[in-house]
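Notes follow once the structure below has been shown.
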Amino acid sequence: MSFCINRIAVVGLGLIGCSWVKGLRQRGCVKQISGYDRNLDSMQLAQQQGIIDSYSDDIQQVVRDADLVVVSVPILAVDEVLRTIAPAIAAHAVLTDVGSVKGSVAASVAEIFGADFNRFVLGHPIAGSERSGVTAADADLYVNHKVIITPQRHTSHQALALVRNAWCAVGADVEYMAVEHHDEVLAATSHLPHLLAYSLVDTLANSHENKEIFNYAAGGFRDFTRIAASSPVMWRDIFSANKDQILKTLDLFQHDLKFLRQAIEEDDTTQVMGVLTRAKAARDHFSKILARRAYVEPMKATSITYRAQAGKALTGSFRVPGDKSISHRSIMLGSLANGTTEVTGFLEGEDALATLQAFRDMGVVIEGPHRGRVTIHGVGLHGLQAPPNALYVGNSGTTIRLLSGLMAGQAFDVEMSGDESLSKRPMGRVADPLRAMGAVVETAENGRPPLVIKGGSPLKGIHYDLPMASAQVKSCVLLAGLYADGETTVTEPAPTRDHTERMLKGFGYPVQVNGATVSLKSGGELTATSIDVPADISSAAFFMVAASIMPGSDITLEHVGINPTRIGVINILKAMGGNLEVLNEREVGGEPVADIRIRSAQLKGIHIPEDQVPLAIDEFPALFIAAACAEGETILTGAEELRVKESDRIQAMVDGLVTLGVDAKGTDDGAVIQGFGSEGSFGGGEIVTHHDHRIAMSFAVASLRGGDEPVMILDCANVATSFPNFVELANGAGMNLTVEEA
Ligand code: S3P
């Protein structure tokens with residue numbers, strides 16, 4: 001390691017300072033270490049253990065020749081230490097500290113060394129242990145732990161680099177933050193929890209039943225109060241050094257606690273459930289959470305690769321997860337209804353969960369999901385509240401587009417943002433009609449997210465001729481129509497999924513459908529109902545293709561939604577010679593459902609009828625795999641919408657097929673694929689999915705007919721947006737997928 005400091009002085013020989021220099025020494029990054037502590041014992045022990053080379057009870061002596069001075073004393077002692085060492089430090093020496101509060105240290109530095117002093121780097125390692133002192137020093141304490149450095153405008157770059165390198169050398173992940181922000185965040189995430197733990201233990205210990213409490217206090221008490229065993233001196237110092245920020249978060253907490261107390265007192269179980277369900281969701285998403293933001297962008301998504309190898313004939317009878325489109329709409333309409341809506345079969349995928357979280361953020365109490373069961377305590381069409389922050393909708397186009405319509409009718413402003421893929425998708429298609437209705441909608445460049453929708457603009461009903469066959473745009477306009485003056489009418493160029501219309505009717509809201517035109521008037525209300533979400537035909541499609549292409553297969557997919565606007569995949573596979581039987585047709589909650597039996601068959605290439613394209617819009621990635629296994633040529637036209645899905649699906653599929661040795665070409669509005677027929681198979685190779693769930697699952701299906709070389713499918717984490725248990729179901733049925741996580 002080329003990085004090496006000549007002389008370090010450590011003032012305060014506790015766990016934090018000693019672990020740092022011990023780690024530096026062990027990695028050969030320091031030549032000489034001198035130490036000072038108020039206790040002679042600690043100095044002697046540190047020297048005996050080889051953590052420091054020398055010590056003195058004269059603190060100035062210890063820091064005199066040091067290149068780096070580490071001040072690691074309790075926060076309120078920092079000021080006095082700095083005053084004492086100031087006259088003795090070398091002209092080039094860099095100083096740093098490790099305190100949990102940065103504002104008070106910054107103030108002391110400015111007062112003692114001058115406001116422009118540029119060689120003090122404020123730092124805070126987020127690491128520790130319940131053990132303390134020299135003997136607990138651990139050279140690996142900081143490996144993979146965060147260290148927050150709070151540089152100031154005048155901090156010198158060299159000083160900053162030295163301290164940063166010294167932390168990185170012991171394995172820490174260094175992050176930068178502004179001083180005030182650090183103190184605000186730490187007040188909420190660390191200081192308040194400690195304060196509450198101390199206070200609760202003190203209250204209970206003083207109560208006359210304390211013996212009982214301590215005898216029987218197992219899980220809850222122990223978990224909640226573990227941190228009350230920390231050092232009182234350290235925490236007294238922190239509470240006073242970060243007083244303002246701590247009082248601010250404490251006030252907020254007291255306000256919310258009072259609200260919860262009142263809800264319990266008044267037997268308002270809905271409000272109590274509201275607090276508990278929001279908190280549970282927040283705790284479950286804990287790594288993605290900051291203070292009062294309930295659902296924020298994942299910090300670092302793990303990268304998931306599927307190693308997919310040739311599989312065997314598919315067998316069995318099973319149910320794929322709930323319909324994504326219907327799951328989204330169940331949350332939206334359930335939230336806006338009067339009364340309590342019960343949903344079963346809800347898709348617990350990230351997209352539908354993003355919708356659920358958005359409504360929680362707008363004050364709706366939603367219980368679950370638990371095994372597909374969700375209970376929504378509707379607030380009525382005018383009961384939503386402003387969310388505390390921008391709504392983060394992840395990968396979900398349906399969430400952002402349908403919500404845009406609803407948000408246009410609210411009294412408050414809302415910002416909506418999404419992940420990298422969503423941020424590239426066109427939103428002008430919803431912004432245009434909403435603006436025509438009188439909404440104020442701001443988009444980023446080229447009509448992309450984030451979207452800001454201003455509240456309080458009166459909407460008027462319009463007649464809108466959809467420029468493209470899009471159920472999302474149709475639904476957006478209709479949902480805005482719930483709040484618009486007069487009648488709102490949408491005419492579509494080709495039939496698209498009609499779940500919004502069906503579900504509005506299910507909630508008792510009058511909707512007129514006349515051929516390609518749908519209309520509704522504002523002024524009605526939604527009445528809570530029960531919704532049984534059928535299995536998603538878009539997820540079932542992967543298994544329809546898989547069983548069709550894999551000789552000897554015979555599977556039954558249970559309880560699949562076969563809404564006529566969604567069954568293009570069945571029609572197309574049948575036209576290609578597929579052996580699919582629709583059994584046991586029935587209707588649940590306004591949506592037709594059936595079991596679908598699929599047996600393998602030799603498919604043949606066709607020119608896909610254009611009228612089937614909108615009815616199979618999400619299933620083309622899977623159908624491209626079917627086409628590759630067919631005898632002869634398959635031609636797709638009229639499908640330019642595929643270029644603006646979670647990825648450019650024409651390009652992504654053609655590229656992947658070519659990688660696996662298939663003769664495929666993209667066109668502006670579709671593709672031409674030469675099938676390899678019964679004797680052929682896919683080669684191996686690496687598939688770029690562009691983080692698109694359906695591209696990933698399609699190539700997993702292709703691998704069934706692979707050769708010796710595996711198909712490595714990159715970036716599959718987003719499969720969880722629509723099909724969280726895909727790998728388990730696929731392997732259970734006969735595929736051969738291994739998940740590799742990085
Ligand atoms: C959806 C509509 C379709 C579809 C999407 C879900 C919906 O998009 O591709 O996965 O739930 O309304 P478009 O309406 O943009 O075609």
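Simple scheme: letters A, B, ... for chains in structure tokens order, numbers from 1 for residues in each chain, numbers from 1 for ligands in the order shown.
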
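Every residue having at least one atom no farther than 6 Å from ligand 1 is included below, with only C-alpha atoms and all ligand atoms taken into account: Ser325, Thr398, Ser470, Ala471, Gln472, Ile617 and Asp618 of chain A.
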
Exercise. Can you list, as number ranges by chain, every protein, DNA or RNA residue that comes within 6 Å of range 417-420 of chain A when you count only C-alpha atoms, leaving out same-chain residues fewer than 2 positions away?
Worked result: A: 392-395, 422-423, 449-450

Output of the above residues as a PDB file, in the first residue's frame, restricted to all heavy atoms:
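Everything below was put into out32.pdb:
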```pdb
ATOM      1  N   TYR A 392     -42.352   8.081  -5.148  1.00  0.00           N
ATOM      2  CA  TYR A 392     -41.392   7.322  -5.938  1.00  0.00           C
ATOM      3  C   TYR A 392     -42.085   6.072  -6.448  1.00  0.00           C
ATOM      4  O   TYR A 392     -42.564   5.267  -5.662  1.00  0.00           O
ATOM      5  CB  TYR A 392     -40.168   6.955  -5.082  1.00  0.00           C
ATOM      6  CG  TYR A 392     -39.195   6.122  -5.862  1.00  0.00           C
ATOM      7  CD1 TYR A 392     -38.407   6.710  -6.848  1.00  0.00           C
ATOM      8  CD2 TYR A 392     -39.095   4.758  -5.662  1.00  0.00           C
ATOM      9  CE1 TYR A 392     -37.551   5.959  -7.611  1.00  0.00           C
ATOM     10  CE2 TYR A 392     -38.241   3.995  -6.419  1.00  0.00           C
ATOM     11  CZ  TYR A 392     -37.469   4.601  -7.390  1.00  0.00           C
ATOM     12  OH  TYR A 392     -36.618   3.840  -8.156  1.00  0.00           O
ATOM     13  N   VAL A 393     -42.182   5.922  -7.766  1.00  0.00           N
ATOM     14  CA  VAL A 393     -42.977   4.823  -8.301  1.00  0.00           C
ATOM     15  C   VAL A 393     -42.132   3.739  -8.960  1.00  0.00           C
ATOM     16  O   VAL A 393     -42.660   2.855  -9.639  1.00  0.00           O
ATOM     17  CB  VAL A 393     -44.063   5.326  -9.269  1.00  0.00           C
ATOM     18  CG1 VAL A 393     -44.960   6.343  -8.576  1.00  0.00           C
ATOM     19  CG2 VAL A 393     -43.452   5.948 -10.519  1.00  0.00           C
ATOM     20  N   GLY A 394     -40.816   3.807  -8.766  1.00  0.00           N
ATOM     21  CA  GLY A 394     -39.943   2.729  -9.239  1.00  0.00           C
ATOM     22  C   GLY A 394     -39.981   2.571 -10.748  1.00  0.00           C
ATOM     23  O   GLY A 394     -39.783   3.510 -11.507  1.00  0.00           O
ATOM     24  N   ASN A 395     -40.289   1.339 -11.184  1.00  0.00           N
ATOM     25  CA  ASN A 395     -40.238   0.958 -12.597  1.00  0.00           C
ATOM     26  C   ASN A 395     -41.609   1.082 -13.270  1.00  0.00           C
ATOM     27  O   ASN A 395     -41.779   0.755 -14.433  1.00  0.00           O
ATOM     28  CB  ASN A 395     -39.764  -0.515 -12.614  1.00  0.00           C
ATOM     29  CG  ASN A 395     -39.339  -0.989 -13.995  1.00  0.00           C
ATOM     30  OD1 ASN A 395     -39.947  -1.889 -14.563  1.00  0.00           O
ATOM     31  ND2 ASN A 395     -38.310  -0.398 -14.539  1.00  0.00           N
ATOM     32  N   LEU A 422     -37.862   4.060 -16.125  1.00  0.00           N
ATOM     33  CA  LEU A 422     -39.083   4.865 -16.198  1.00  0.00           C
ATOM     34  C   LEU A 422     -38.759   6.313 -16.592  1.00  0.00           C
ATOM     35  O   LEU A 422     -39.527   6.970 -17.291  1.00  0.00           O
ATOM     36  CB  LEU A 422     -39.840   4.834 -14.866  1.00  0.00           C
ATOM     37  CG  LEU A 422     -41.231   5.466 -14.936  1.00  0.00           C
ATOM     38  CD1 LEU A 422     -42.192   4.574 -15.706  1.00  0.00           C
ATOM     39  CD2 LEU A 422     -41.797   5.734 -13.557  1.00  0.00           C
ATOM     40  N   SER A 423     -37.594   6.784 -16.135  1.00  0.00           N
ATOM     41  CA  SER A 423     -37.220   8.177 -16.412  1.00  0.00           C
ATOM     42  C   SER A 423     -36.979   8.432 -17.894  1.00  0.00           C
ATOM     43  O   SER A 423     -36.829   9.579 -18.305  1.00  0.00           O
ATOM     44  CB  SER A 423     -35.975   8.561 -15.612  1.00  0.00           C
ATOM     45  OG  SER A 423     -36.224   8.332 -14.256  1.00  0.00           O
ATOM     46  N   PRO A 449     -40.314  11.758 -17.060  1.00  0.00           N
ATOM     47  CA  PRO A 449     -40.412  12.004 -15.610  1.00  0.00           C
ATOM     48  C   PRO A 449     -39.120  12.662 -15.117  1.00  0.00           C
ATOM     49  O   PRO A 449     -38.123  12.564 -15.824  1.00  0.00           O
ATOM     50  CB  PRO A 449     -40.555  10.595 -15.021  1.00  0.00           C
ATOM     51  CG  PRO A 449     -40.913   9.703 -16.183  1.00  0.00           C
ATOM     52  CD  PRO A 449     -40.310  10.340 -17.397  1.00  0.00           C
ATOM     53  N   PRO A 450     -39.100  13.264 -13.926  1.00  0.00           N
ATOM     54  CA  PRO A 450     -40.218  13.408 -12.992  1.00  0.00           C
ATOM     55  C   PRO A 450     -41.331  14.312 -13.525  1.00  0.00           C
ATOM     56  O   PRO A 450     -41.090  15.225 -14.305  1.00  0.00           O
ATOM     57  CB  PRO A 450     -39.577  14.036 -11.751  1.00  0.00           C
ATOM     58  CG  PRO A 450     -38.138  14.246 -12.034  1.00  0.00           C
ATOM     59  CD  PRO A 450     -37.841  13.809 -13.400  1.00  0.00           C
TER      60      PRO A 450
END
```

Within 12 Å of range 536-539 of chain A: each range 591-709 of chain A residue with its shortest pair, only C-alpha atoms, as JSON lines:
```
{"residue": "A:Glu591", "atom": "CA", "partner": "A:Asp536", "partner_atom": "CA", "distance": 11.8}
{"residue": "A:Pro592", "atom": "CA", "partner": "A:Ile537", "partner_atom": "CA", "distance": 11.5}
{"residue": "A:Val593", "atom": "CA", "partner": "A:Ile537", "partner_atom": "CA", "distance": 9.8}
{"residue": "A:Ala594", "atom": "CA", "partner": "A:Ile537", "partner_atom": "CA", "distance": 10.3}
{"residue": "A:Asp595", "atom": "CA", "partner": "A:Ile537", "partner_atom": "CA", "distance": 10.7}
{"residue": "A:Ile596", "atom": "CA", "partner": "A:Ile537", "partner_atom": "CA", "distance": 10.0}
{"residue": "A:Leu615", "atom": "CA", "partner": "A:Ser538", "partner_atom": "CA", "distance": 10.6}
{"residue": "A:Ala616", "atom": "CA", "partner": "A:Ser538", "partner_atom": "CA", "distance": 8.3}
{"residue": "A:Ile617", "atom": "CA", "partner": "A:Ser538", "partner_atom": "CA", "distance": 9.2}
{"residue": "A:Asp618", "atom": "CA", "partner": "A:Ser538", "partner_atom": "CA", "distance": 6.4}
{"residue": "A:Glu619", "atom": "CA", "partner": "A:Ser538", "partner_atom": "CA", "distance": 6.0}
{"residue": "A:Phe620", "atom": "CA", "partner": "A:Ser538", "partner_atom": "CA", "distance": 9.8}
{"residue": "A:Pro621", "atom": "CA", "partner": "A:Ser538", "partner_atom": "CA", "distance": 10.5}
{"residue": "A:Ala622", "atom": "CA", "partner": "A:Ser538", "partner_atom": "CA", "distance": 9.3}
{"residue": "A:Leu623", "atom": "CA", "partner": "A:Ser538", "partner_atom": "CA", "distance": 11.1}
{"residue": "A:His693", "atom": "CA", "partner": "A:Ser539", "partner_atom": "CA", "distance": 10.5}
{"residue": "A:Arg694", "atom": "CA", "partner": "A:Ser539", "partner_atom": "CA", "distance": 8.8}
{"residue": "A:Met697", "atom": "CA", "partner": "A:Ser539", "partner_atom": "CA", "distance": 9.2}
{"residue": "A:Ser698", "atom": "CA", "partner": "A:Ser539", "partner_atom": "CA", "distance": 10.4}
{"residue": "A:Val701", "atom": "CA", "partner": "A:Ser539", "partner_atom": "CA", "distance": 11.9}
```

Those selected residues, please, written with all heavy atoms and delivered as a compact mmCIF listing (two decimals), in the first residue's frame.
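Output below, filename selection_0.txt:
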```txt
# COMPACT_ATOMS: atom_id res chain seq x y z
N GLU A 591 -64.59 -9.91 -14.02
CA GLU A 591 -63.52 -10.26 -14.95
C GLU A 591 -63.62 -11.75 -15.28
O GLU A 591 -63.72 -12.59 -14.37
CB GLU A 591 -62.14 -10.00 -14.32
CG GLU A 591 -61.78 -8.53 -14.14
CD GLU A 591 -61.26 -7.86 -15.42
OE1 GLU A 591 -61.03 -8.57 -16.42
OE2 GLU A 591 -61.11 -6.63 -15.41
N PRO A 592 -63.57 -12.12 -16.58
CA PRO A 592 -63.60 -13.54 -16.93
C PRO A 592 -62.28 -14.25 -16.57
O PRO A 592 -61.21 -13.66 -16.70
CB PRO A 592 -63.82 -13.53 -18.45
CG PRO A 592 -63.40 -12.19 -18.90
CD PRO A 592 -63.54 -11.25 -17.75
N VAL A 593 -62.44 -15.49 -16.14
CA VAL A 593 -61.29 -16.26 -15.64
C VAL A 593 -61.41 -17.68 -16.19
O VAL A 593 -62.52 -18.16 -16.41
CB VAL A 593 -61.33 -16.28 -14.09
CG1 VAL A 593 -60.36 -17.28 -13.50
CG2 VAL A 593 -61.05 -14.90 -13.54
N ALA A 594 -60.27 -18.36 -16.40
CA ALA A 594 -60.32 -19.76 -16.84
C ALA A 594 -59.04 -20.46 -16.42
O ALA A 594 -58.07 -19.82 -16.02
CB ALA A 594 -60.48 -19.83 -18.35
N ASP A 595 -59.05 -21.80 -16.53
CA ASP A 595 -57.82 -22.56 -16.39
C ASP A 595 -57.35 -22.82 -17.83
O ASP A 595 -58.17 -23.06 -18.71
CB ASP A 595 -58.08 -23.88 -15.67
CG ASP A 595 -58.66 -23.62 -14.28
OD1 ASP A 595 -58.26 -22.62 -13.66
OD2 ASP A 595 -59.54 -24.40 -13.85
N ILE A 596 -56.05 -22.80 -18.03
CA ILE A 596 -55.57 -22.97 -19.40
C ILE A 596 -54.59 -24.14 -19.45
O ILE A 596 -53.59 -24.15 -18.71
CB ILE A 596 -54.90 -21.67 -19.91
CG1 ILE A 596 -55.94 -20.53 -19.85
CG2 ILE A 596 -54.39 -21.84 -21.33
CD1 ILE A 596 -55.41 -19.19 -20.20
N LEU A 615 -53.86 -6.46 -28.08
CA LEU A 615 -54.38 -7.46 -27.14
C LEU A 615 -53.27 -8.36 -26.58
O LEU A 615 -53.53 -9.21 -25.73
CB LEU A 615 -55.44 -8.35 -27.84
CG LEU A 615 -56.53 -7.64 -28.63
CD1 LEU A 615 -57.54 -8.64 -29.19
CD2 LEU A 615 -57.25 -6.63 -27.74
N ALA A 616 -52.06 -8.20 -27.12
CA ALA A 616 -50.94 -9.04 -26.65
C ALA A 616 -49.72 -8.17 -26.41
O ALA A 616 -48.60 -8.65 -26.45
CB ALA A 616 -50.62 -10.10 -27.72
N ILE A 617 -49.96 -6.88 -26.10
CA ILE A 617 -48.87 -5.91 -26.15
C ILE A 617 -47.71 -6.26 -25.20
O ILE A 617 -46.55 -6.04 -25.52
CB ILE A 617 -49.40 -4.46 -25.92
CG1 ILE A 617 -48.34 -3.43 -26.31
CG2 ILE A 617 -49.89 -4.24 -24.50
CD1 ILE A 617 -48.07 -3.38 -27.81
N ASP A 618 -48.03 -6.84 -24.06
CA ASP A 618 -46.95 -7.17 -23.11
C ASP A 618 -46.36 -8.56 -23.35
O ASP A 618 -45.39 -8.94 -22.70
CB ASP A 618 -47.48 -7.09 -21.67
CG ASP A 618 -47.76 -5.65 -21.26
OD1 ASP A 618 -47.21 -4.73 -21.90
OD2 ASP A 618 -48.52 -5.45 -20.28
N GLU A 619 -46.98 -9.33 -24.25
CA GLU A 619 -46.57 -10.72 -24.39
C GLU A 619 -45.60 -10.95 -25.56
O GLU A 619 -45.16 -12.07 -25.80
CB GLU A 619 -47.82 -11.61 -24.57
CG GLU A 619 -48.65 -11.75 -23.32
CD GLU A 619 -49.32 -10.47 -22.86
OE1 GLU A 619 -50.28 -10.01 -23.51
OE2 GLU A 619 -48.86 -9.89 -21.83
N PHE A 620 -45.26 -9.88 -26.31
CA PHE A 620 -44.40 -10.09 -27.48
C PHE A 620 -43.00 -10.60 -27.15
O PHE A 620 -42.48 -11.44 -27.89
CB PHE A 620 -44.39 -8.85 -28.39
CG PHE A 620 -45.65 -8.80 -29.20
CD1 PHE A 620 -46.65 -7.91 -28.89
CD2 PHE A 620 -45.85 -9.72 -30.23
CE1 PHE A 620 -47.84 -7.91 -29.60
CE2 PHE A 620 -47.04 -9.73 -30.94
CZ PHE A 620 -48.03 -8.83 -30.63
N PRO A 621 -42.39 -10.16 -26.05
CA PRO A 621 -41.08 -10.75 -25.77
C PRO A 621 -41.17 -12.28 -25.71
O PRO A 621 -40.36 -12.99 -26.33
CB PRO A 621 -40.70 -10.14 -24.42
CG PRO A 621 -41.39 -8.80 -24.43
CD PRO A 621 -42.71 -9.04 -25.12
N ALA A 622 -42.18 -12.81 -25.04
CA ALA A 622 -42.33 -14.28 -24.97
C ALA A 622 -42.67 -14.84 -26.35
O ALA A 622 -42.15 -15.88 -26.76
CB ALA A 622 -43.42 -14.64 -23.96
N LEU A 623 -43.53 -14.11 -27.10
CA LEU A 623 -43.92 -14.61 -28.43
C LEU A 623 -42.73 -14.64 -29.40
O LEU A 623 -42.68 -15.47 -30.31
CB LEU A 623 -45.06 -13.76 -28.99
CG LEU A 623 -46.43 -14.03 -28.34
CD1 LEU A 623 -47.45 -12.96 -28.74
CD2 LEU A 623 -46.94 -15.43 -28.69
N HIS A 693 -38.01 -6.67 -17.00
CA HIS A 693 -38.45 -7.95 -16.46
C HIS A 693 -38.88 -8.94 -17.53
O HIS A 693 -38.54 -10.12 -17.48
CB HIS A 693 -39.59 -7.74 -15.45
CG HIS A 693 -40.76 -6.94 -15.94
ND1 HIS A 693 -42.05 -7.24 -15.63
CD2 HIS A 693 -40.85 -5.83 -16.72
CE1 HIS A 693 -42.87 -6.35 -16.18
NE2 HIS A 693 -42.16 -5.49 -16.83
N ARG A 694 -39.60 -8.43 -18.54
CA ARG A 694 -40.15 -9.38 -19.53
C ARG A 694 -39.07 -9.88 -20.50
O ARG A 694 -39.17 -10.98 -21.02
CB ARG A 694 -41.33 -8.75 -20.27
CG ARG A 694 -42.47 -8.38 -19.32
CD ARG A 694 -43.80 -8.30 -19.99
NE ARG A 694 -44.74 -7.57 -19.14
CZ ARG A 694 -45.42 -8.09 -18.12
NH1 ARG A 694 -45.26 -9.36 -17.80
NH2 ARG A 694 -46.23 -7.35 -17.40
N MET A 697 -37.37 -12.72 -18.41
CA MET A 697 -38.14 -13.97 -18.30
C MET A 697 -38.26 -14.67 -19.66
O MET A 697 -38.26 -15.90 -19.74
CB MET A 697 -39.52 -13.69 -17.70
CG MET A 697 -39.42 -13.32 -16.22
SD MET A 697 -41.03 -13.14 -15.41
CE MET A 697 -41.44 -11.45 -15.82
N SER A 698 -38.32 -13.89 -20.74
CA SER A 698 -38.43 -14.51 -22.07
C SER A 698 -37.20 -15.35 -22.38
O SER A 698 -37.32 -16.46 -22.90
CB SER A 698 -38.59 -13.42 -23.13
OG SER A 698 -39.77 -12.72 -22.88
N VAL A 701 -37.15 -18.57 -20.62
CA VAL A 701 -37.97 -19.56 -21.34
C VAL A 701 -37.19 -20.15 -22.52
O VAL A 701 -37.16 -21.36 -22.73
CB VAL A 701 -39.29 -18.89 -21.83
CG1 VAL A 701 -40.03 -19.81 -22.79
CG2 VAL A 701 -40.17 -18.52 -20.65
```

Exercise. What residues in range 279-417 of chain A get the DSSP label helix (DSSP H, G or I)? Please answer as an MDAnalysis selection string.
Worked result: chainID A and resid 279:284 286:288 324:336 350:361 397:408

For this session: From a DSSP pass on the backbone, collect the residues of range 447-631 of chain A flagged as strand (DSSP E or B) and hand them back as a PyMOL selection string.
Result: chain A and resi 448-454+459-460+463-465+484-485+487-491+512-514+517-521+527+530-532+535+554-561+579-588+591-599+604+607+631
